[in-house]
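So this block is upload_18.pdb, PDB, C-alpha atoms:
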ATOM      1  CA  MET L   6     -43.269  25.377  -3.647
ATOM      2  CA  ASN L   7     -39.610  25.694  -2.727
ATOM      3  CA  SER L   8     -37.408  27.010  -5.475
ATOM      4  CA  HIS L   9     -34.569  25.051  -7.001
ATOM      5  CA  LYS L  10     -32.142  27.482  -5.352
ATOM      6  CA  ASN L  11     -33.565  26.815  -1.895
ATOM      7  CA  GLN L  12     -33.279  23.053  -2.233
ATOM      8  CA  LEU L  13     -29.653  23.006  -3.314
ATOM      9  CA  PRO L  14     -27.966  23.621   0.088
ATOM     10  CA  ARG L  15     -29.715  20.618   1.651
ATOM     11  CA  VAL L  16     -28.817  18.382  -1.276
ATOM     12  CA  PHE L  17     -25.200  19.581  -1.151
ATOM     13  CA  GLN L  18     -24.992  18.953   2.593
ATOM     14  CA  ALA L  19     -26.416  15.448   2.236
ATOM     15  CA  ASN L  20     -24.066  14.594  -0.631
ATOM     16  CA  LEU L  21     -21.005  15.670   1.357
ATOM     17  CA  ALA L  22     -22.183  13.767   4.430
ATOM     18  CA  ARG L  23     -22.715  10.588   2.424
ATOM     19  CA  LEU L  24     -19.294  10.945   0.811
ATOM     20  CA  TYR L  25     -17.663  11.157   4.214
ATOM     21  CA  ASP L  26     -19.805   8.560   6.011
ATOM     22  CA  ARG L  27     -19.794   5.943   3.266
ATOM     23  CA  MET L  28     -16.313   6.300   1.806
ATOM     24  CA  ILE L  29     -13.851   8.581   3.570
ATOM     25  CA  HIS L  30     -14.390   7.484   7.163
ATOM     26  CA  PRO L  31     -14.629   3.717   6.445
ATOM     27  CA  VAL L  32     -11.488   3.757   4.310
ATOM     28  CA  MET L  33      -9.475   5.769   6.815
ATOM     29  CA  ASP L  34     -10.720   3.607   9.685
ATOM     30  CA  SER L  35      -9.723   0.418   7.887
ATOM     31  CA  MET L  36      -6.146   1.453   7.140
ATOM     32  CA  PRO L  37      -3.366   0.320   9.499
ATOM     33  CA  TYR L  38      -1.566   2.898  11.604
ATOM     34  CA  HIS L  39       1.472   2.474  13.838
ATOM     35  CA  GLY L  40       2.569   4.783  16.662
ATOM     36  CA  ASP L  41       6.270   5.418  17.090
ATOM     37  CA  LEU L  42       8.146   3.906  14.165
ATOM     38  CA  GLU L  43      11.258   1.992  15.128
ATOM     39  CA  THR L  44      14.532   2.712  13.369
ATOM     40  CA  GLY L  45      18.129   1.678  13.774
ATOM     41  CA  GLU L  46      19.895  -1.613  13.304
ATOM     42  CA  THR L  47      17.691  -4.691  13.171
ATOM     43  CA  ALA L  48      18.428  -8.128  14.549
ATOM     44  CA  CYS L  49      17.082 -10.018  11.534
ATOM     45  CA  LEU L  50      15.475  -9.626   8.131
ATOM     46  CA  ASP L  51      11.954 -10.193   9.465
ATOM     47  CA  GLN L  52      12.335  -7.335  11.919
ATOM     48  CA  PHE L  53      13.615  -5.073   9.139
ATOM     49  CA  LEU L  54      10.638  -5.983   6.935
ATOM     50  CA  ASP L  55       8.169  -5.388   9.762
ATOM     51  CA  ARG L  56       9.607  -1.941  10.393
ATOM     52  CA  THR L  57       9.572  -1.113   6.691
ATOM     53  CA  LYS L  58       5.944  -2.231   6.408
ATOM     54  CA  ALA L  59       4.984   0.035   9.316
ATOM     55  CA  MET L  60       6.641   3.024   7.619
ATOM     56  CA  VAL L  61       4.826   2.277   4.358
ATOM     57  CA  ASP L  62       1.501   1.844   6.195
ATOM     58  CA  ASN L  63       1.739   5.266   7.846
ATOM     59  CA  TYR L  64       2.954   6.943   4.671
ATOM     60  CA  THR L  65       0.057   5.447   2.698
ATOM     61  CA  LEU L  66      -2.453   6.521   5.353
ATOM     62  CA  ASN L  67      -1.246  10.099   5.014
ATOM     63  CA  GLU L  68      -1.426   9.919   1.220
ATOM     64  CA  ALA L  69      -5.026   8.679   1.455
ATOM     65  CA  ALA L  70      -5.949  11.499   3.830
ATOM     66  CA  LYS L  71      -4.436  14.098   1.499
ATOM     67  CA  ALA L  72      -6.319  12.630  -1.462
ATOM     68  CA  PHE L  73      -9.578  12.839   0.472
ATOM     69  CA  VAL L  74      -8.998  16.533   1.242
ATOM     70  CA  LEU L  75      -8.534  17.070  -2.490
ATOM     71  CA  THR L  76     -11.838  15.262  -3.082
ATOM     72  CA  LEU L  77     -13.749  17.253  -0.471
ATOM     73  CA  ALA L  78     -12.367  20.559  -1.715
ATOM     74  CA  GLY L  79     -13.220  19.701  -5.316
ATOM     75  CA  VAL L  80     -16.788  18.702  -4.496
ATOM     76  CA  PHE L  81     -17.361  21.766  -2.311
ATOM     77  CA  GLU L  82     -15.962  24.163  -4.921
ATOM     78  CA  ARG L  83     -18.204  22.617  -7.577
ATOM     79  CA  GLN L  84     -21.191  23.022  -5.270
ATOM     80  CA  LEU L  85     -20.379  26.684  -4.712
ATOM     81  CA  SER L  86     -20.228  27.193  -8.470
ATOM     82  CA  ILE L  87     -23.605  25.497  -9.004
ATOM     83  CA  TRP L  88     -25.241  27.511  -6.239
ATOM     84  CA  ALA L  89     -23.779  30.778  -7.562
ATOM     85  CA  ARG L  90     -25.224  29.969 -10.979
ATOM     86  CA  SER L  91     -28.647  29.317  -9.427
ATOM     87  CA  ILE L  92     -28.469  32.717  -7.707
ATOM     88  CA  GLN L  93     -27.554  34.312 -11.023
ATOM     89  CA  ASP L  94     -30.348  32.507 -12.897
ATOM     90  CA  ALA L  95     -32.878  33.585 -10.267
ATOM     91  CA  GLY L  96     -31.870  37.211 -10.863
ATOM     92  CA  LEU L  97     -30.991  37.739  -7.201
ATOM     93  CA  ALA L  98     -27.426  38.945  -7.681
ATOM     94  CA  ASP L  99     -24.699  39.298 -10.269
ATOM     95  CA  MET L 100     -22.434  36.302  -9.583
ATOM     96  CA  THR L 101     -20.574  36.411 -12.894
ATOM     97  CA  ARG L 102     -17.722  38.442 -11.362
ATOM     98  CA  LEU L 103     -16.845  35.639  -8.958
ATOM     99  CA  ARG L 104     -13.769  33.787 -10.145
ATOM    100  CA  GLY L 105     -11.926  31.142  -8.182
ATOM    101  CA  TYR L 106     -12.646  29.351  -4.935
ATOM    102  CA  GLU L 107     -12.140  32.126  -2.409
ATOM    103  CA  SER L 108     -14.124  34.628  -4.453
ATOM    104  CA  LEU L 109     -16.954  32.099  -4.807
ATOM    105  CA  LEU L 110     -16.850  31.285  -1.105
ATOM    106  CA  GLY L 111     -17.045  34.925  -0.058
ATOM    107  CA  GLY L 112     -19.755  35.783  -2.583
ATOM    108  CA  CYS L 113     -21.942  32.805  -1.721
ATOM    109  CA  ALA L 114     -21.517  33.427   2.003
ATOM    110  CA  LYS L 115     -22.612  37.053   1.557
ATOM    111  CA  ILE L 116     -25.745  36.058  -0.347
ATOM    112  CA  ALA L 117     -26.588  33.429   2.300
ATOM    113  CA  GLY L 118     -25.911  35.817   5.182
ATOM    114  CA  ILE L 119     -23.153  33.600   6.575
ATOM    115  CA  ASP L 120     -20.480  35.184   8.757
ATOM    116  CA  LEU L 121     -17.335  33.316   7.750
ATOM    117  CA  ALA L 122     -15.464  34.799  10.698
ATOM    118  CA  CYS L 123     -17.817  33.144  13.187
ATOM    119  CA  ASP L 124     -16.188  30.125  14.880
ATOM    120  CA  GLY L 125     -13.408  30.179  12.282
ATOM    121  CA  LEU L 126     -15.635  28.746   9.537
ATOM    122  CA  GLY L 127     -13.967  30.713   6.754
ATOM    123  CA  ASN L 128     -10.514  29.818   8.018
ATOM    124  CA  GLU L 129     -11.330  26.104   7.945
ATOM    125  CA  LEU L 130     -12.787  26.264   4.440
ATOM    126  CA  THR L 131      -9.851  28.290   3.136
ATOM    127  CA  GLN L 132      -7.347  25.975   4.809
ATOM    128  CA  MET L 133      -9.000  22.966   3.192
ATOM    129  CA  PHE L 134      -8.665  24.535  -0.246
ATOM    130  CA  VAL L 135      -5.023  25.495   0.259
ATOM    131  CA  VAL L 136      -4.259  21.952   1.466
ATOM    132  CA  ALA L 137      -5.864  20.658  -1.731
ATOM    133  CA  ASN L 138      -3.633  22.956  -3.792
ATOM    134  CA  VAL L 139      -0.539  21.656  -2.012
ATOM    135  CA  VAL L 140      -1.670  18.079  -2.661
ATOM    136  CA  ARG L 141      -2.060  18.973  -6.343
ATOM    137  CA  HIS L 142       1.088  20.985  -6.910
ATOM    138  CA  GLY L 143       3.585  20.279  -4.119
ATOM    139  CA  GLU L 144       6.128  23.031  -3.573
ATOM    140  CA  GLY L 145       5.236  26.608  -4.405
ATOM    141  CA  GLN L 146       3.106  29.531  -3.262
ATOM    142  CA  SER L 147       0.315  27.383  -1.852
ATOM    143  CA  CYS L 148       2.743  25.379   0.258
ATOM    144  CA  ASN L 149       4.320  28.550   1.618
ATOM    145  CA  ARG L 150       0.895  30.011   2.343
ATOM    146  CA  LEU L 151      -0.279  26.856   4.108
ATOM    147  CA  ARG L 152       2.779  26.789   6.340
ATOM    148  CA  ALA L 153       1.827  30.286   7.469
ATOM    149  CA  LEU L 154      -1.897  29.493   7.799
ATOM    150  CA  ALA L 155      -1.598  26.109   9.496
ATOM    151  CA  PRO L 156       1.898  25.337  10.814
ATOM    152  CA  GLN L 157       0.347  22.599  12.980
ATOM    153  CA  LEU L 158       0.000  20.463   9.839
ATOM    154  CA  TRP L 159       3.768  19.994   9.931
ATOM    155  CA  ASP L 160       5.719  18.215  12.657
ATOM    156  CA  ASP L 161       9.335  17.627  11.755
ATOM    157  CA  ALA L 162       9.907  15.922  15.102
ATOM    158  CA  ALA L 163       7.158  13.340  14.545
ATOM    159  CA  THR L 164       8.234   9.738  15.087
ATOM    160  CA  ASP L 165       5.250   8.180  13.320
ATOM    161  CA  TYR L 166       6.012   9.357   9.777
ATOM    162  CA  TYR L 167       8.939   9.126   7.393
ATOM    163  CA  ASP L 168       9.113  10.603   3.919
ATOM    164  CA  LEU L 169       9.747   7.669   1.607
ATOM    165  CA  LEU L 170      10.835   9.763  -1.378
ATOM    166  CA  PRO L 171      14.557   9.805  -2.142
ATOM    167  CA  GLY L 172      16.525  13.003  -2.557
ATOM    168  CA  THR L 173      16.241  16.405  -0.907
ATOM    169  CA  PRO L 174      13.241  16.548   1.452
ATOM    170  CA  ALA L 175      10.333  18.689   0.241
ATOM    171  CA  ALA L 176       8.139  20.541   2.712
ATOM    172  CA  SER L 177       4.997  19.517   0.844
ATOM    173  CA  GLU L 178       5.860  15.844   1.395
ATOM    174  CA  HIS L 179       5.863  16.372   5.159
ATOM    175  CA  LEU L 180       2.346  17.791   5.212
ATOM    176  CA  ARG L 181       0.369  15.653   7.660
ATOM    177  CA  ILE L 182      -3.385  15.219   7.363
ATOM    178  CA  ARG L 183      -4.874  13.242  10.222
ATOM    179  CA  PRO L 184      -8.425  11.959  10.765
ATOM    180  CA  ARG L 185      -9.164  14.950  12.994
ATOM    181  CA  ASP L 186      -8.321  17.275  10.093
ATOM    182  CA  LEU L 187     -10.718  15.460   7.777
ATOM    183  CA  ILE L 188     -13.393  15.816  10.465
ATOM    184  CA  ARG L 189     -12.728  19.561  10.657
ATOM    185  CA  TYR L 190     -13.146  19.897   6.910
ATOM    186  CA  ILE L 191     -16.312  17.804   6.582
ATOM    187  CA  LYS L 192     -17.816  19.644   9.548
ATOM    188  CA  ALA L 193     -16.990  23.017   7.969
ATOM    189  CA  THR L 194     -18.372  22.153   4.529
ATOM    190  CA  THR L 195     -21.597  20.610   5.833
ATOM    191  CA  ARG L 196     -22.042  23.445   8.343
ATOM    192  CA  PHE L 197     -21.720  26.011   5.543
ATOM    193  CA  TRP L 198     -24.570  24.445   3.632
ATOM    194  CA  GLY L 199     -26.624  24.040   6.789
ATOM    195  CA  LEU L 200     -26.289  27.768   7.430
ATOM    196  CA  ALA L 201     -27.207  28.497   3.793
ATOM    197  CA  ASP L 202     -30.259  26.204   3.989
ATOM    198  CA  PRO L 203     -33.496  28.270   4.221
ATOM    199  CA  LEU L 204     -35.773  25.234   4.605
ATOM    200  CA  PRO L 205     -37.238  24.046   7.927
ATOM    201  CA  MET L 206     -35.090  21.809  10.176
ATOM    202  CA  ALA L 207     -31.776  22.834   8.599
ATOM    203  CA  VAL L 208     -28.766  21.145  10.221
ATOM    204  CA  THR L 209     -26.407  23.956  11.197
ATOM    205  CA  ASP L 210     -24.259  21.989  13.642
ATOM    206  CA  PRO L 211     -23.344  18.679  11.946
ATOM    207  CA  PRO L 212     -22.634  15.888  14.473
ATOM    208  CA  TYR L 213     -18.978  15.286  13.634
ATOM    209  CA  GLN L 214     -16.685  15.069  16.642
ATOM    210  CA  ASN L 215     -12.908  15.394  16.617
ATOM    211  CA  GLU L 216     -11.118  12.194  17.470
TER     212      GLU L 216
END
Would you mind writing the file's structure down as structure tokens?
Amino acid sequence: MNSHKNQLPRVFQANLARLYDRMIHPVMDSMPYHGDLETGETACLDQFLDRTKAMVDNYTLNEAAKAFVLTLAGVFERQLSIWARSIQDAGLADMTRLRGYESLLGGCAKIAGIDLACDGLGNELTQMFVVANVVRHGEGQSCNRLRALAPQLWDDAATDYYDLLPGTPAASEHLRIRPRDLIRYIKATTRFWGLADPLPMAVTDPPYQNE
């Protein structure tokens, strides 16, 4: 009989996949998006309102994407914690020293024999967590770290996004999370658990394609 520990990675992978397939992707796909946003003087009130609506639509889409990264990161971190506890309870390793996401990630990967450097898996999972911290806290160390880790998540020259907050612009408010980023993160999290899965027919290359 398979142990509780051995079953967990497959359950975790399935739960993440369902979360993405049933909620994240349908919601993101249903939200309106506009390409280049028009600015400047308008000819009438209706044109002004249409342009304003387009700005709000794109801003809201980005807010939804950021919230979904926070959700994915939270679920994945909780899964790591549960799996570490199962390892500890099985007497296979001392996991009590692991504190915080990156420590948990590294410790769980070592136990599972996962090379986080392979194909940038560890980078993707770390980036997801740092994005989640920026979504939580805004400006600060995490924002500075993310700008160094993933400068491509910022595009100050973009014409499809405008910060709607008044006052001095904040770098954290110009963080852009696009559908392709969500795909990277769901692929990384589900791939991690596929690689950790010791059962037959483990899915180690989840079928998520960048858009």
* Asked: For this file, the PyMOL selection byres ((chain L and resi 159-163) around 9) selects which residues, as a VMD selection string?
  -> chain L and resid 41 152 155 to 158 164 to 167 176 179 to 182
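Atom CA of Leu151 of chain L to atom CA of Val139 of chain L spans 8.0 Å [interatomic distance, one decimal].
Atom CA of Gly118 of chain L sits 15.2 Å away from atom CA of Met100 of chain L.
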* Got a sec: who's within 9 Å of Phe73 of chain L, counting only C-alpha atoms, leaving out chain neighbours fewer than 5 positions off, as a PyMOL selection string? -> chain L and resi 29+68+78+137+187
* If you apply the PyMOL selection byres ((chain L and resi 7-15) around 7) to this file, what residues do you get, as a list in words? ->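 Matching residues under the PyMOL selection byres ((chain L and resi 7-15) around 7) are Met6, Val16, Phe17, Gln18, Ala19, Trp88, Ser91, Ile92, Trp198, Gly199, Ala201, Asp202 and Pro203 of chain L.
Taking atom CA of Asn128 of chain L and atom CA of Asp99 of chain L as endpoints, the distance between them is 25.0 Å.
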* **Answer key for the PyMOL selection byres ((chain L and resi 115) around 12), residues as a PyMOL selection string** => chain L and resi 89+92+98+100+108-114+116-122+127+197+200-201
Could you save those same residues with C-alpha atoms as a short mmCIF file (atom, residue, chain, number, x, y, z; two decimals), in the frame of the given file?
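Saved to out.cif:
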data_model
loop_
_atom_site.label_atom_id
_atom_site.label_comp_id
_atom_site.auth_asym_id
_atom_site.auth_seq_id
_atom_site.Cartn_x
_atom_site.Cartn_y
_atom_site.Cartn_z
CA ALA L 89 -23.78 30.78 -7.56
CA ILE L 92 -28.47 32.72 -7.71
CA ALA L 98 -27.43 38.94 -7.68
CA MET L 100 -22.43 36.30 -9.58
CA SER L 108 -14.12 34.63 -4.45
CA LEU L 109 -16.95 32.10 -4.81
CA LEU L 110 -16.85 31.28 -1.10
CA GLY L 111 -17.05 34.92 -0.06
CA GLY L 112 -19.76 35.78 -2.58
CA CYS L 113 -21.94 32.80 -1.72
CA ALA L 114 -21.52 33.43 2.00
CA ILE L 116 -25.74 36.06 -0.35
CA ALA L 117 -26.59 33.43 2.30
CA GLY L 118 -25.91 35.82 5.18
CA ILE L 119 -23.15 33.60 6.58
CA ASP L 120 -20.48 35.18 8.76
CA LEU L 121 -17.34 33.32 7.75
CA ALA L 122 -15.46 34.80 10.70
CA GLY L 127 -13.97 30.71 6.75
CA PHE L 197 -21.72 26.01 5.54
CA LEU L 200 -26.29 27.77 7.43
CA ALA L 201 -27.21 28.50 3.79
#
* Quick one: of L:Thr194, L:Met60, L:Leu77, L:Asp94, who's nearest to Glu43 of chain L, counting all atoms listed in the file? ->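 Result for the nearest residue to Glu43 of chain L: L:Met60.
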Can I get the residues of segment 86-197 of chain L within 8 Å of segment 204-214 of chain L, each with the closest pair of atoms and their distance in Å to one decimal, using all atoms listed in the file, sorted chain first then ascending number, as a tab-separated table?
residue	atom	partner	partner_atom	distance
L:Ile188	CA	L:Tyr213	CA	6.4
L:Ile191	CA	L:Tyr213	CA	7.9
L:Lys192	CA	L:Tyr213	CA	6.1
L:Thr195	CA	L:Pro211	CA	6.6
L:Arg196	CA	L:Thr209	CA	5.2
L:Phe197	CA	L:Thr209	CA	7.6
* To do: Compare L:Cys148, L:Leu170, L:Met33, L:Cys123 by their minimum atom-to-atom distance to Val61 of chain L, counting only C-alpha atoms, and give me the closest one.
  =>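 Of L:Cys148, L:Leu170, L:Met33, L:Cys123, the one nearest Val61 of chain L is L:Leu170, counting only C-alpha atoms.
For the set L:Ala193, L:Val74, L:Ala95, L:Leu85, the residue with the smallest atom-to-atom gap to Asn138 of chain L is L:Val74, counting all atoms listed in the file.
Nearest residue to Met133 of chain L among L:Arg183, L:Arg189, L:Arg27, L:Arg104 is L:Arg189, counting all atoms listed in the file.
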* Between L:Arg185, L:Thr131, L:Pro37, L:Asn20, which one has atoms that come closest to Tyr64 of chain L, using all atoms listed in the file? ->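 Among L:Arg185, L:Thr131, L:Pro37, L:Asn20, it is L:Pro37 that comes nearest to Tyr64 of chain L.
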